[in-house]
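Participant: The structure's right below; bear with me while I get my questions together.
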Amino acid sequence: MTTTFFRNSLFLCLLTLLALTGFSQTPTQTIRGTVYDASQSRPLVGASVVVQNSKSGAITDEQGHFRLTNLPIGRHQLSVSFVGYEPSVINEVLVESGKEQVLEIYLQPGVTQLGEATAIGTRTDRTISAEHITIEQVLRFPASYLDPARLATAYAGVVTTNDGTNNISVRGNSPNSLIWRLEGVEIVNPNHQSNAGTIGDRPTANGGGVNMLSAQLLGTTRFLTGAFSPEYGNSVGGVMDMSLRPGNNERHEFIAQAGLIGLDLAAEGPISKQKGSSYLVNYRYSFTGLLGTMGVTFGGEDIRFQDLSFNLTFPTRKGGRFTAFGVLGNSSNDFTALATEEQTQDKDRNTISFTTKMAAGGLTLSQPIGTRWLWKTALVLSANNSARNLESPGDARFRPNYERDDQTGSRYSLTSSLNYRINARNSFKAGLYLTRAYNSVDVWKDVNPFFIGSSANNSLFAGSMEGWMIQPYVNYQWLPADNVTVNAGLFYNTFTFNQSRSLEPRASVRWEVRPGKALTVAYGLHSQPQLPQVYLAKRNPDNKMLFNNEDLGFTKAYHLVAGYTHQLSPDSYWKIEGYSQMLFDVPISTVSGSKFSAVNLIEAYASEPLVNAGKAQNRGVELTYQKYLSKNYYVLASGSVYDSRYQAADGVWRSTRFDGGFTSGLTAGKEWTKSRETRSRIWGINGRISYLGGLRDRPIDAVLSQQTGTTVYSSEEFSVHFPAYFRTDLRIYWKKSKARYSRTLSLDLQNLTNAQNAFYSYFDAFQGKVVQKYQLGLIPILNYRWEF
């Protein structure tokens, strides 16, 4: 009896131990998703998906779905293959316990043995001058502010005009040359604080302090820097093409995040599990806004913003998809004049309020038709408004000063395209963008500061413009051999506001001379309309028009790019690209002695009569090495040498405002993973070093500035070359995963050495001297993220 009792007790203890072992296993998670044909968006049945360096793998079902379960927490690589398609390696797939990893993988038709190293949102084209920025990278890279545009500055040839904003200059072009797209359609400026980091404290066309679309909602962003394919128009500089990720269609998940940028709350989950539909919604409120309610300001400024965004996804038959999405955001920046005895500079005398509002929404449909056709269509509406008011009551030394700047813009776009695969080597795509564009500008100011006794000089810029932008395009893709891809097409651009037109040929060739080693060349003619403040900037004292710039045509540019890419391994490559951008029909001044050119504008108005007679050129060579995060480390090293020059009415070639001469950067990171019992931990450290040639500024005539009490520039445009820009950034994070949730605590130390990088100079009438302003100093950003 004793023996039987002992055996039963031992058996019970073993069962209990096994049960406890089951409950104390290291947390695991699921990777699932769908594999598609990249050209037709059809699900691929029978594709192989394998987790590298493990025994886990899956075959896609009749709907193209795959599921990999019980994967350990950490980083993974996936190998994806299908007969008749280029195999692909998906790098940097992060598995955490609090959230399923749901992927959409697109395979390109072809037989290449070694696919290009890619991240989530795998490269699905064969173009050059293109990068794909994933949200996993945005959340990991230092100094990204959770914004893909800021992360883009880690790539060759991309610099920020002020490190407090996401205004970026691409290959020597003005930030105004960059356009933003959402779900494939151009939208108005999608950024909070569009006046951030500007010299005149005016709104910019394509940048700001913070992107209104939270990283919680974004999918992969396609970043293009030149020689775009025919489906991309209306830009001579760059394209930031954002996409929204669908929500989890099987289970409800939540994200809560708190940091200096803001408080984020995100929720996603199935609308109908049976039909596979899902929702994803995010709300964000600025942390600085919360501090503002408690009376805490930054340099005397009360800065606030909030935004709400959503994406609803509904699968249709045969792999199609219908979506409804939207974003609403507003921001404010208020500064109250200081008491007279506390004033030390011009700004202290002014009460300034700046507000921005933006909304965008749309419907999209992607539908395969048969086995050869793909139809995509979208209706997208976007609008924004910025308003700036300045009031200075004046005193014994200075006149009262009042300024008002109100700008409104809207775009209502309908786009549709058809992609037809003729056979395995030939395909054809045709599409149309139809956009109703509207802009209005209302600016009034009493030019100041003027010493008492000077005559007042009121100026008014006011007006509106509207018209249809009609933009059809076609592209033909031919694979004459397994290792050669040829694209050729046309883009047509017309703006009915002033009947501007442009027919633009585009072509590219990619030759994979050996597996993983490719030569590329691309050519294109590109065009872009002028800024509203260029078209409508007419000096109107006493309501008498002196000139009219509304007849200005497009600025145009020839782009030529040649490159070589060498795939070192599935997770690393290096590439070199040389480019030449030859701009013409650039608006320049007709005023005698003026050296004005629109290529140097950021936020200012063009208060001169202009004609399309200017030229500019940007030439350079870029080198990039990238190793994606595998074996617990990653590296992105980039550098470029470039030249950016323009020609005004006098025919002399000069440096543009953005002619820094060179860029160099190194971003690298290392992770350590430790798993035991019921939890898994990841420690990470990421560093970035940036060393760039200084940008340019206009010299100030100190004598005339002293006489008039305001900044007066000399005749030589942008002849002041600032010292080289240097900055280091450090990001440390700690991830902890338990069975049902995961947490991330991170600390970003931006401009770690507190380097002083010159921004601009101005004449301060209060101090009576020329003052140098600098970019941001050391900024620590603590962030906590909880996924469950």
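Simple scheme: letters A, B, ... for chains in structure tokens order, numbers from 1 for residues in each chain, numbers from 1 for ligands in the order shown.
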Find the residues near Ser580 of chain A: any atom within 6 Å, counting only C-alpha atoms, skip ones fewer than 4 places away on the same chain, and give them as a ChimeraX atom specification.
Facilitator: /A:559-560,618-619
Participant: Include all heavy atoms and write out the residues we just selected as a compact mmCIF listing (two decimals), in the first residue's frame.
Facilitator:
# COMPACT_ATOMS: atom_id res chain seq x y z
N HIS A 559 15.68 64.29 -65.23
CA HIS A 559 16.38 63.46 -64.25
C HIS A 559 17.10 62.33 -64.98
O HIS A 559 16.50 61.64 -65.81
CB HIS A 559 15.39 62.83 -63.25
CG HIS A 559 14.88 63.79 -62.24
ND1 HIS A 559 14.38 63.38 -61.01
CD2 HIS A 559 14.78 65.13 -62.23
CE1 HIS A 559 13.98 64.44 -60.32
NE2 HIS A 559 14.21 65.50 -61.04
N LEU A 560 18.35 62.13 -64.65
CA LEU A 560 19.13 61.01 -65.17
C LEU A 560 19.86 60.38 -64.00
O LEU A 560 20.59 61.05 -63.27
CB LEU A 560 20.12 61.49 -66.23
CG LEU A 560 20.99 60.40 -66.88
CD1 LEU A 560 20.12 59.41 -67.65
CD2 LEU A 560 22.03 61.02 -67.81
N ASN A 618 21.30 69.99 -60.10
CA ASN A 618 21.75 69.24 -58.94
C ASN A 618 22.45 67.99 -59.45
O ASN A 618 21.86 67.18 -60.17
CB ASN A 618 20.56 68.83 -58.06
CG ASN A 618 19.78 70.03 -57.56
OD1 ASN A 618 20.35 70.95 -56.98
ND2 ASN A 618 18.47 70.04 -57.79
N ARG A 619 23.70 67.82 -59.08
CA ARG A 619 24.48 66.67 -59.52
C ARG A 619 25.19 66.06 -58.32
O ARG A 619 25.66 66.79 -57.44
CB ARG A 619 25.50 67.09 -60.58
CG ARG A 619 24.89 67.67 -61.86
CD ARG A 619 25.95 68.22 -62.78
NE ARG A 619 26.68 69.32 -62.17
CZ ARG A 619 27.62 70.03 -62.80
NH1 ARG A 619 27.94 69.73 -64.05
NH2 ARG A 619 28.24 71.02 -62.18
Participant: Within 9 Å of segment 131-136 of chain A, counting only C-alpha atoms, which residues qualify if same-chain residues fewer than 2 places away don't, as a PyMOL selection string?
Facilitator: chain A and resi 92-94+118-123+128-129+138-141+146-148+151-152+155+215-216+218-225
Participant: Just the selected residues (C-alpha atoms), exported as an mmCIF file, in the first residue's frame, please.
Facilitator:
data_model
loop_
_atom_site.group_PDB
_atom_site.id
_atom_site.type_symbol
_atom_site.label_atom_id
_atom_site.label_comp_id
_atom_site.auth_asym_id
_atom_site.auth_seq_id
_atom_site.Cartn_x
_atom_site.Cartn_y
_atom_site.Cartn_z
ATOM 1 C CA GLU A 92 13.608 42.502 -39.368
ATOM 2 C CA VAL A 93 10.379 40.701 -38.454
ATOM 3 C CA LEU A 94 9.924 41.491 -34.766
ATOM 4 C CA THR A 118 14.089 43.847 -47.994
ATOM 5 C CA ALA A 119 12.174 44.655 -44.891
ATOM 6 C CA ILE A 120 8.460 44.266 -44.206
ATOM 7 C CA GLY A 121 6.615 45.700 -47.154
ATOM 8 C CA THR A 122 9.136 44.063 -49.455
ATOM 9 C CA ARG A 123 10.397 45.950 -52.511
ATOM 10 C CA ILE A 128 16.215 52.909 -58.543
ATOM 11 C CA SER A 129 16.399 55.927 -56.250
ATOM 12 C CA VAL A 138 10.791 54.138 -37.352
ATOM 13 C CA LEU A 139 10.230 52.739 -33.850
ATOM 14 C CA ARG A 140 13.850 51.561 -33.545
ATOM 15 C CA PHE A 141 16.074 54.171 -35.217
ATOM 16 C CA LEU A 146 8.324 58.212 -34.972
ATOM 17 C CA ASP A 147 8.218 59.954 -38.370
ATOM 18 C CA PRO A 148 9.321 58.335 -41.681
ATOM 19 C CA LEU A 151 14.231 58.659 -40.669
ATOM 20 C CA ALA A 152 14.766 59.390 -44.378
ATOM 21 C CA TYR A 155 19.878 57.910 -46.350
ATOM 22 C CA ALA A 215 3.285 55.457 -36.472
ATOM 23 C CA GLN A 216 0.697 53.117 -34.927
ATOM 24 C CA LEU A 218 1.267 53.580 -40.837
ATOM 25 C CA GLY A 219 2.465 50.698 -42.940
ATOM 26 C CA THR A 220 5.529 50.853 -45.166
ATOM 27 C CA THR A 221 6.439 54.236 -46.669
ATOM 28 C CA ARG A 222 7.947 54.332 -50.143
ATOM 29 C CA PHE A 223 10.503 57.141 -50.395
ATOM 30 C CA LEU A 224 11.549 58.200 -53.906
ATOM 31 C CA THR A 225 14.422 60.582 -54.620
#
Participant: Can you pull out the residues contacting Arg372 of chain A? Cut-off 9 Å, using only C-alpha atoms, and skip same-chain residues under 5 positions away; I want them as a list of chain:residue names.
Facilitator: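 Result of the neighbour search: A:Gln40, A:Asn419, A:Tyr420, A:Arg421, A:Ile422, A:Asn423.
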Participant: Just the residues within 9 Å of segment 50-59 of chain A, please, counting only C-alpha atoms, with nothing from its chain fewer than 5 positions along; format it as a PyMOL selection string.
Facilitator: chain A and resi 45+64-69+71+76-81
Participant: Quick one: residues within 12 Å of Glu301 of chain A, only C-alpha atoms counted, chain neighbours fewer than 6 positions away excluded, as an MDAnalysis selection string?
Facilitator: chainID A and resid 196 288:289 291:292 295 332:338 347:348 350:354
Participant: Counting only C-alpha atoms, what is within 6 Å of segment 96-112 of chain A, bar same-chain residues fewer than 4 positions away, as a compact mmCIF listing (two decimals) with all heavy atoms, in the first residue's frame?
Facilitator:
# COMPACT_ATOMS: atom_id res chain seq x y z
N GLN A 29 4.66 33.69 -29.94
CA GLN A 29 3.69 34.47 -30.69
C GLN A 29 3.56 33.89 -32.10
O GLN A 29 4.33 33.02 -32.51
CB GLN A 29 4.10 35.94 -30.74
CG GLN A 29 3.08 36.89 -31.32
CD GLN A 29 1.71 36.77 -30.70
OE1 GLN A 29 0.93 35.91 -31.09
NE2 GLN A 29 1.43 37.61 -29.70
N THR A 30 2.60 34.43 -32.84
CA THR A 30 2.27 33.95 -34.19
C THR A 30 2.67 34.98 -35.25
O THR A 30 2.48 36.17 -35.06
CB THR A 30 0.76 33.67 -34.29
OG1 THR A 30 0.41 32.61 -33.39
CG2 THR A 30 0.37 33.29 -35.71
N ILE A 31 3.25 34.48 -36.32
CA ILE A 31 3.41 35.27 -37.54
C ILE A 31 2.46 34.68 -38.58
O ILE A 31 2.50 33.48 -38.84
CB ILE A 31 4.85 35.22 -38.08
CG1 ILE A 31 5.84 35.82 -37.09
CG2 ILE A 31 4.94 35.97 -39.41
CD1 ILE A 31 7.29 35.75 -37.56
N ARG A 32 1.63 35.51 -39.13
CA ARG A 32 0.72 35.05 -40.17
C ARG A 32 0.57 36.15 -41.21
O ARG A 32 1.04 37.28 -41.02
CB ARG A 32 -0.65 34.67 -39.59
CG ARG A 32 -1.39 35.81 -38.92
CD ARG A 32 -2.71 35.32 -38.33
NE ARG A 32 -3.44 36.42 -37.69
CZ ARG A 32 -4.26 37.24 -38.34
NH1 ARG A 32 -4.47 37.07 -39.65
NH2 ARG A 32 -4.90 38.19 -37.70
N GLY A 33 -0.08 35.82 -42.29
CA GLY A 33 -0.25 36.83 -43.32
C GLY A 33 -0.69 36.22 -44.63
O GLY A 33 -1.21 35.10 -44.69
N THR A 34 -0.43 36.96 -45.71
CA THR A 34 -0.86 36.56 -47.05
C THR A 34 0.27 36.85 -48.03
O THR A 34 0.96 37.86 -47.92
CB THR A 34 -2.12 37.34 -47.48
OG1 THR A 34 -3.12 37.22 -46.46
CG2 THR A 34 -2.67 36.81 -48.79
N VAL A 35 0.46 35.96 -48.99
CA VAL A 35 1.44 36.14 -50.05
C VAL A 35 0.69 36.47 -51.34
O VAL A 35 -0.25 35.75 -51.73
CB VAL A 35 2.30 34.88 -50.24
CG1 VAL A 35 3.32 35.09 -51.37
CG2 VAL A 35 3.02 34.53 -48.94
N TYR A 36 1.11 37.57 -51.99
CA TYR A 36 0.43 38.05 -53.18
C TYR A 36 1.36 38.07 -54.38
O TYR A 36 2.59 38.18 -54.25
CB TYR A 36 -0.08 39.49 -52.98
CG TYR A 36 -1.15 39.65 -51.94
CD1 TYR A 36 -0.82 40.02 -50.63
CD2 TYR A 36 -2.50 39.49 -52.25
CE1 TYR A 36 -1.80 40.20 -49.67
CE2 TYR A 36 -3.49 39.68 -51.30
CZ TYR A 36 -3.14 40.03 -50.01
OH TYR A 36 -4.11 40.23 -49.06
N ASP A 37 0.77 38.04 -55.56
CA ASP A 37 1.44 38.39 -56.80
C ASP A 37 1.59 39.90 -56.82
O ASP A 37 0.60 40.63 -56.72
CB ASP A 37 0.59 37.90 -57.99
CG ASP A 37 1.15 38.30 -59.34
OD1 ASP A 37 1.41 39.51 -59.54
OD2 ASP A 37 1.30 37.44 -60.20
N ALA A 38 2.82 40.41 -56.96
CA ALA A 38 3.05 41.86 -56.84
C ALA A 38 2.40 42.65 -57.96
O ALA A 38 1.97 43.79 -57.75
CB ALA A 38 4.55 42.14 -56.82
N ILE A 73 9.95 34.74 -28.97
CA ILE A 73 10.03 36.20 -29.01
C ILE A 73 11.40 36.61 -29.54
O ILE A 73 12.42 36.03 -29.19
CB ILE A 73 9.79 36.78 -27.61
CG1 ILE A 73 8.43 36.33 -27.06
CG2 ILE A 73 9.87 38.30 -27.63
CD1 ILE A 73 7.26 36.67 -27.94
N GLY A 84 8.02 30.30 -60.44
CA GLY A 84 7.75 31.35 -61.41
C GLY A 84 7.87 32.74 -60.86
O GLY A 84 7.59 33.71 -61.57
N TYR A 85 8.30 32.87 -59.59
CA TYR A 85 8.42 34.18 -58.95
C TYR A 85 9.78 34.30 -58.29
O TYR A 85 10.40 33.31 -57.90
CB TYR A 85 7.33 34.39 -57.90
CG TYR A 85 5.95 34.58 -58.48
CD1 TYR A 85 5.22 33.50 -58.97
CD2 TYR A 85 5.38 35.85 -58.57
CE1 TYR A 85 3.96 33.67 -59.52
CE2 TYR A 85 4.12 36.03 -59.11
CZ TYR A 85 3.41 34.94 -59.59
OH TYR A 85 2.18 35.12 -60.13
N GLU A 86 10.26 35.54 -58.18
CA GLU A 86 11.53 35.78 -57.50
C GLU A 86 11.39 35.46 -56.02
O GLU A 86 10.49 35.98 -55.36
CB GLU A 86 11.97 37.23 -57.67
CG GLU A 86 12.29 37.63 -59.09
CD GLU A 86 12.75 39.07 -59.18
OE1 GLU A 86 12.92 39.69 -58.11
OE2 GLU A 86 12.94 39.56 -60.31
N SER A 737 8.60 40.97 -22.72
CA SER A 737 7.40 40.27 -23.18
C SER A 737 6.98 39.22 -22.17
O SER A 737 7.79 38.40 -21.72
CB SER A 737 7.66 39.59 -24.54
OG SER A 737 7.84 40.53 -25.55
N ALA A 739 3.29 36.63 -21.27
CA ALA A 739 2.39 35.79 -22.05
C ALA A 739 1.35 36.60 -22.81
O ALA A 739 1.04 36.30 -23.96
CB ALA A 739 1.71 34.77 -21.14
N ARG A 740 0.80 37.65 -22.20
CA ARG A 740 -0.32 38.36 -22.81
C ARG A 740 0.00 39.80 -23.21
O ARG A 740 -0.85 40.46 -23.80
CB ARG A 740 -1.52 38.35 -21.85
CG ARG A 740 -2.06 36.95 -21.59
CD ARG A 740 -3.27 37.01 -20.68
NE ARG A 740 -3.80 35.68 -20.42
CZ ARG A 740 -4.66 35.03 -21.20
NH1 ARG A 740 -5.07 35.61 -22.33
NH2 ARG A 740 -5.08 33.83 -20.90
N TYR A 741 1.17 40.29 -22.88
CA TYR A 741 1.47 41.67 -23.24
C TYR A 741 2.98 41.86 -23.36
O TYR A 741 3.77 41.02 -22.91
CB TYR A 741 0.89 42.64 -22.20
CG TYR A 741 1.50 42.51 -20.81
CD1 TYR A 741 2.63 43.23 -20.45
CD2 TYR A 741 0.93 41.66 -19.86
CE1 TYR A 741 3.19 43.11 -19.20
CE2 TYR A 741 1.47 41.53 -18.59
CZ TYR A 741 2.60 42.26 -18.27
OH TYR A 741 3.15 42.13 -17.02
N SER A 742 3.34 42.95 -23.97
CA SER A 742 4.75 43.32 -24.08
C SER A 742 4.90 44.81 -23.82
O SER A 742 3.98 45.60 -24.09
CB SER A 742 5.31 42.96 -25.46
OG SER A 742 4.59 43.60 -26.48
N GLU A 787 1.88 47.04 -25.40
CA GLU A 787 1.06 46.33 -26.38
C GLU A 787 0.40 45.15 -25.70
O GLU A 787 1.06 44.35 -25.02
CB GLU A 787 1.92 45.85 -27.55
CG GLU A 787 2.58 46.97 -28.34
CD GLU A 787 3.53 46.45 -29.39
OE1 GLU A 787 4.52 45.79 -29.00
OE2 GLU A 787 3.30 46.71 -30.57
N PHE A 788 -0.90 45.03 -25.89
CA PHE A 788 -1.63 43.94 -25.22
C PHE A 788 -2.87 43.56 -26.02
O PHE A 788 -3.27 44.28 -26.95
CB PHE A 788 -2.01 44.33 -23.80
CG PHE A 788 -2.84 45.59 -23.70
CD1 PHE A 788 -4.22 45.52 -23.55
CD2 PHE A 788 -2.24 46.85 -23.76
CE1 PHE A 788 -4.99 46.67 -23.44
CE2 PHE A 788 -3.00 48.01 -23.65
CZ PHE A 788 -4.37 47.92 -23.49
Participant: Select from segment 150-252 of chain A every residue with an atom at most 12 Å from any atom of segment 746-769 of chain A, then for each give the shortest pair of atoms and their distance in Å to one decimal, using only C-alpha atoms, rows by chain and rising number, as JSON lines.
Facilitator:
{"residue": "A:Thr160", "atom": "CA", "partner": "A:Phe759", "partner_atom": "CA", "distance": 11.0}
{"residue": "A:Thr161", "atom": "CA", "partner": "A:Phe759", "partner_atom": "CA", "distance": 8.2}
{"residue": "A:Asn162", "atom": "CA", "partner": "A:Phe759", "partner_atom": "CA", "distance": 7.0}
{"residue": "A:Asp163", "atom": "CA", "partner": "A:Asn757", "partner_atom": "CA", "distance": 9.4}
{"residue": "A:Gly164", "atom": "CA", "partner": "A:Gln750", "partner_atom": "CA", "distance": 10.6}
{"residue": "A:Gly197", "atom": "CA", "partner": "A:Phe759", "partner_atom": "CA", "distance": 8.9}
{"residue": "A:Thr198", "atom": "CA", "partner": "A:Phe759", "partner_atom": "CA", "distance": 9.3}
{"residue": "A:Ile199", "atom": "CA", "partner": "A:Tyr760", "partner_atom": "CA", "distance": 7.2}
{"residue": "A:Gly200", "atom": "CA", "partner": "A:Tyr762", "partner_atom": "CA", "distance": 10.2}
Participant: With N, CA, C and O atoms retained, write the just-selected residues as a short mmCIF file (atom, residue, chain, number, x, y, z; two decimals), in the first residue's frame.
Facilitator:
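Written file, result_1.cif:
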data_model
loop_
_atom_site.label_atom_id
_atom_site.label_comp_id
_atom_site.auth_asym_id
_atom_site.auth_seq_id
_atom_site.Cartn_x
_atom_site.Cartn_y
_atom_site.Cartn_z
N THR A 160 18.00 67.60 -43.49
CA THR A 160 16.93 68.41 -42.94
C THR A 160 17.37 69.87 -42.96
O THR A 160 18.53 70.19 -42.70
N THR A 161 16.43 70.76 -43.28
CA THR A 161 16.77 72.19 -43.28
C THR A 161 16.76 72.74 -41.87
O THR A 161 17.30 73.82 -41.63
N ASN A 162 16.14 72.03 -40.95
CA ASN A 162 16.17 72.38 -39.53
C ASN A 162 15.84 71.12 -38.75
O ASN A 162 14.82 70.47 -39.03
N ASP A 163 16.67 70.74 -37.78
CA ASP A 163 16.47 69.46 -37.13
C ASP A 163 15.32 69.45 -36.12
O ASP A 163 15.08 68.45 -35.46
N GLY A 164 14.58 70.56 -36.03
CA GLY A 164 13.35 70.55 -35.24
C GLY A 164 12.13 70.25 -36.07
O GLY A 164 11.00 70.31 -35.57
N GLY A 197 10.53 75.58 -37.35
CA GLY A 197 11.85 75.61 -37.96
C GLY A 197 11.97 76.48 -39.18
O GLY A 197 12.79 76.22 -40.05
N THR A 198 11.14 77.54 -39.27
CA THR A 198 11.24 78.44 -40.41
C THR A 198 11.82 79.78 -39.96
O THR A 198 11.75 80.14 -38.78
N ILE A 199 12.37 80.52 -40.91
CA ILE A 199 12.98 81.80 -40.59
C ILE A 199 11.91 82.86 -40.35
O ILE A 199 11.99 83.64 -39.41
N GLY A 200 10.89 82.88 -41.20
CA GLY A 200 9.85 83.91 -41.09
C GLY A 200 8.65 83.51 -40.28
O GLY A 200 7.67 84.25 -40.23
#
Participant: Pick the closest to Val188 of chain A from A:Val210, A:Ala360, A:Leu636, A:Ile271: which is it, counting only C-alpha atoms?
Facilitator: A:Ala360
Participant: May I ask which of the residues A:Ser39, A:Ser638, A:Thr744, A:Thr667 is the closest one to Ala143 of chain A, counting only C-alpha atoms?
Facilitator: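 Once distances to Ala143 of chain A are computed over only C-alpha atoms, the minimum belongs to A:Thr667.
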Participant: DSSP on the backbone, strand (DSSP E) only: what residues of segment 532-696 of chain A does that give? Format it as an NGL selection string.
Facilitator: :A and (555-569 or 572-589 or 610-630 or 633-647 or 653-655 or 662-676 or 679-692 or 696)
Participant: Expressed in Å to a single decimal, how great is the separation between atom CA of Ala266 of chain A and atom CA of Trp734 of chain A?
Facilitator: 20.9 Å
Participant: Could you jot down the atom CA of Arg501 of chain A to atom CA of Val170 of chain A separation for me, Å, one decimal place?
Facilitator: 24.8 Å
Participant: So what do you get for atom CA of Ser597 of chain A versus atom CA of Gly172 of chain A, distance-wise?
Facilitator: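 Distance reported for this atom pair: 14.2 Å.
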Participant: Which is closer to Ile303 of chain A than all the others in A:Gln407, A:Asn70, A:Gln343, A:Gln193, using only C-alpha atoms?
Facilitator: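 Looking only at the distances to Ile303 of chain A, the closest residue turns out to be A:Gln193.
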Participant: Would you return as a list in words the members of segment 222-305 of chain A that DSSP assigns to alpha helix (DSSP H) on this structure's backbone?
Facilitator: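 Restricting segment 222-305 of chain A to alpha helix (DSSP H) produces Phe287, Thr288, Gly289, Leu290, Leu291, Gly292 and Thr293 of chain A.
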Participant: Please determine, counting only C-alpha atoms, which residue among A:Asn401, A:Asn783, A:Asn191, A:Ser500 has the shortest atom-to-atom distance to Arg349 of chain A.
Facilitator: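 Of A:Asn401, A:Asn783, A:Asn191, A:Ser500, the one nearest Arg349 of chain A, counting only C-alpha atoms, is A:Asn401.
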Participant: Considering only C-alpha atoms, state which residue in the set A:Lys615, A:Arg688, A:Lys357, A:Arg42 is at the smallest distance from Ile588 of chain A.
Facilitator: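 That would be A:Lys615, the residue with the smallest distance to Ile588 of chain A.
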